[in-house]
Amino acid sequence: MGIMGLALAWETRIPAVAQRERRVEPFRGQVAAPDPAEAGRAEDTALAAACRSGDLRAYERLYALHGARMKNLARNILGSATDAEDAVQETFLKVQRGIASFRGQSSFVTWTFRILVNTCHDARRGRLRKKEVAADDEQQRDDAAPRPEPRASVAHPSLRLALERALAKLTRHQRDVFLLYEVEGFRHAEISSMLEISEAASKNTLFQAKKNLRQMLEPPRGSYAAGAR
Amino acid sequence: MNLTCKERDRIFEDGTAAEWAALEGHAANCVSCAEELRSWKSLSVAAAELREYTESPALWPRIRHSLTEQAASIQKGRKRWSWRSLFAPFSFSWQTAAATAFVAVLMISAGWLLRPNKPPIQEGSLLKSKALTEVEHAESAYVQAIDRLAADAKPQIDNPATPLMGNYREKLLVLDSAIDDLRAQTGQNPSNAHLRYELLAMYQEKQRTLEEILEEKR
């Protein structure tokens with residue numbers, strides 16, 4: 001079954017539970033769910049101060065709060081759980097080394113994720129050099145795309161696999177923005193700070209990423225129409 | 001809020017909550033927009049498939065261990081004294097100024113130490129002011145006495161009758177020239193006893209020569 005076929009009937013394949021979980025942009029600000037960026041601002045500042053003082057318990061707290069999300073993001077960028085764990089470890093070390101230079105222009109968590117994203121891309125480049133593949137980003141899309149490794153059983157393994165393959169064909173920025181926004185739930189303001197782009201650029205990049213993903217995942221209109229009948 | 005199908009992409013990219021609500025309303029009566037909206041939302045739902053927040057029991061201990069090691073090495077590095085740590089509290093411009101001043105002091109010191117060597121000055125070779133005054137008085141009296149001798153010998157010197165007298169004349173010219181040079185040097189360095197001794201030797205030679213000329217006259 002090809003990618004096109006996988007995505008043919010998402011609406012019918014995705015169960016009701018998943019339907020309830022969907023996050024649609026316009027409702028983000030209205031839902032009463034706690035906003036991690038707003039609610040955790042005080043804790044973020046305290047965490048940064050504790051890390052700056054060298055308190056290992058602060059790093060443990062950072063890991064407890066964001067470690068799983070960090071590892072998930074790293075895994076989606078690198079395509080390997082082992083590489084992802086290495087990247088998370090390296091990120092913590094970089095945070096410890098660079099905490100003195102953190103001035104609080106962005107949130108501490110945002111700063112940490114920026115380091116993580118950069119560390120992941122450094123790791124990918126290192127992998128590329130080892131494989132002696134051309135470093136041009138456009139060419140990387142095919143050659144250096146993360147090779148997703150098998151994961152724990154999920155509700156829609158074929159859908160995930162199709163999405164992972166499609167994501168691998170996006171540009172680096174489109175993939176990063178899609179993963180940070182749609183998968184990890186960051187806001188555009190946070191993403192713009194992490195990727196050092198404007199908020200408008202983050203929104204536009206997400207739009208382009210989703211357009212490209214739709215083209216890659218959806219069947220041609222004709223075949224959908226035929227299937228619907 | 002009324003909107004058209006053309007506004008759909010703009011709302012997908014950066015629509016407000018009200019615009020999304022309007023789009024939902026519009027999609028209820030527009031098959032094309034309904035399909036686009038469903039497809040667009042499906043991507044967000046599918047993204048959930050990429051969330052896998054599994055436990056990694058060994059990861060935190062590993063990170064903690066490496067953090068502890070790195071913290072220890074950072075502490076060690078701080079304790080190790082270095083020239084760089086001495087200048088660390090100062091800004092780059094101050095460090096540059098300090099380095100420039102240091103180089104200037106170094107160059108002046110080197111210039112002083114490597115200045116051209118002058119003849120070694122012997123202990124006691126410099127005349128003290130009182131002794132110098134006495135020498136100058138004695139020299140002046142001696143020069144006047146020699147000038148008187150020269151005045152007596154002047155007719156023979158100016159009109160040399162014999163080749164010997166001609167030789168005396170040439171010798172006196174050379175001695176006068178040497179005396180002028182030495183007097184010029186002692187004028188610049190009056191306390192130099194060595195120059196004074198040389199000048200005295202020249203005057204003595206001139207005195208002997210003049211005495212020989214006067215002996216010849218008799």
# chains A, B, ... in the order shown; residues from 1 in each chain; ligands from 1
call {"tool": "interface_residues", "arguments": {"of": "chain B", "to": "chain A", "cutoff": "12 Å", "atoms": "only C-alpha atoms", "output": "ChimeraX atom specification"}}
result
/B:8-24,32,35-75
call {"tool": "write_last_selection", "arguments": {"atoms": "C-alpha atoms", "output": "compact mmCIF listing (two decimals), in the first residue's frame"}}
result
# COMPACT_ATOMS: atom_id res chain seq x y z
CA ARG B 8 -9.33 29.79 3.02
CA ASP B 9 -5.54 29.50 2.68
CA ARG B 10 -4.96 32.79 4.46
CA ILE B 11 -7.05 31.56 7.39
CA PHE B 12 -5.19 28.25 7.37
CA GLU B 13 -1.94 30.20 7.64
CA ASP B 14 -2.80 32.93 10.10
CA GLY B 15 -6.52 33.10 10.77
CA THR B 16 -8.05 34.48 13.95
CA ALA B 17 -10.47 32.45 16.06
CA ALA B 18 -13.39 34.39 14.57
CA GLU B 19 -12.16 33.71 11.04
CA TRP B 20 -11.83 29.99 11.76
CA ALA B 21 -15.36 29.95 13.11
CA ALA B 22 -16.53 31.75 9.99
CA LEU B 23 -14.70 29.23 7.85
CA GLU B 24 -16.41 26.37 9.67
CA SER B 32 -14.78 22.08 -1.51
CA GLU B 35 -13.07 18.78 2.27
CA GLU B 36 -10.09 21.13 2.60
CA LEU B 37 -10.89 21.86 6.21
CA ARG B 38 -11.27 18.18 7.05
CA SER B 39 -8.00 17.36 5.34
CA TRP B 40 -6.19 20.24 7.06
CA LYS B 41 -7.36 19.23 10.51
CA SER B 42 -6.49 15.61 9.81
CA LEU B 43 -2.82 16.55 9.63
CA SER B 44 -2.93 17.85 13.18
CA VAL B 45 -4.62 14.64 14.29
CA ALA B 46 -2.05 12.54 12.46
CA ALA B 47 0.77 14.50 14.12
CA ALA B 48 -0.33 12.98 17.41
CA GLU B 49 0.97 9.68 16.08
CA LEU B 50 4.46 11.10 16.40
CA ARG B 51 4.10 11.67 20.13
CA GLU B 52 5.72 8.86 22.02
CA TYR B 53 6.65 9.98 25.48
CA THR B 54 8.14 6.73 26.70
CA GLU B 55 10.20 6.32 29.85
CA SER B 56 13.96 5.91 29.55
CA PRO B 57 15.03 4.80 33.04
CA ALA B 58 18.73 4.77 32.20
CA LEU B 59 18.83 8.18 30.55
CA TRP B 60 18.63 10.50 33.58
CA PRO B 61 21.32 8.64 35.59
CA ARG B 62 23.54 8.87 32.53
CA ILE B 63 22.91 12.59 32.14
CA ARG B 64 23.39 13.20 35.89
CA HIS B 65 26.72 11.40 35.82
CA SER B 66 28.00 13.42 32.86
CA LEU B 67 26.73 16.67 34.44
CA THR B 68 28.58 15.86 37.67
CA GLU B 69 31.78 15.12 35.77
CA GLN B 70 31.50 18.30 33.75
CA ALA B 71 30.77 20.40 36.86
CA ALA B 72 33.88 18.98 38.53
CA SER B 73 36.03 19.76 35.51
CA ILE B 74 34.61 23.31 35.34
CA GLN B 75 35.45 23.81 39.04
call {"tool": "select_by_dssp", "arguments": {"residues": "range 27-184 of chain B", "states": "alpha helix (DSSP H)", "output": "number ranges by chain"}}
result
B: 27, 31-47, 59-79, 83-87, 92-113, 129-158, 163-184
call {"tool": "atom_distance", "arguments": {"atom1": "CA of Arg165 in chain A", "atom2": "CA of Met216 in chain A"}}
result
9.4 Å
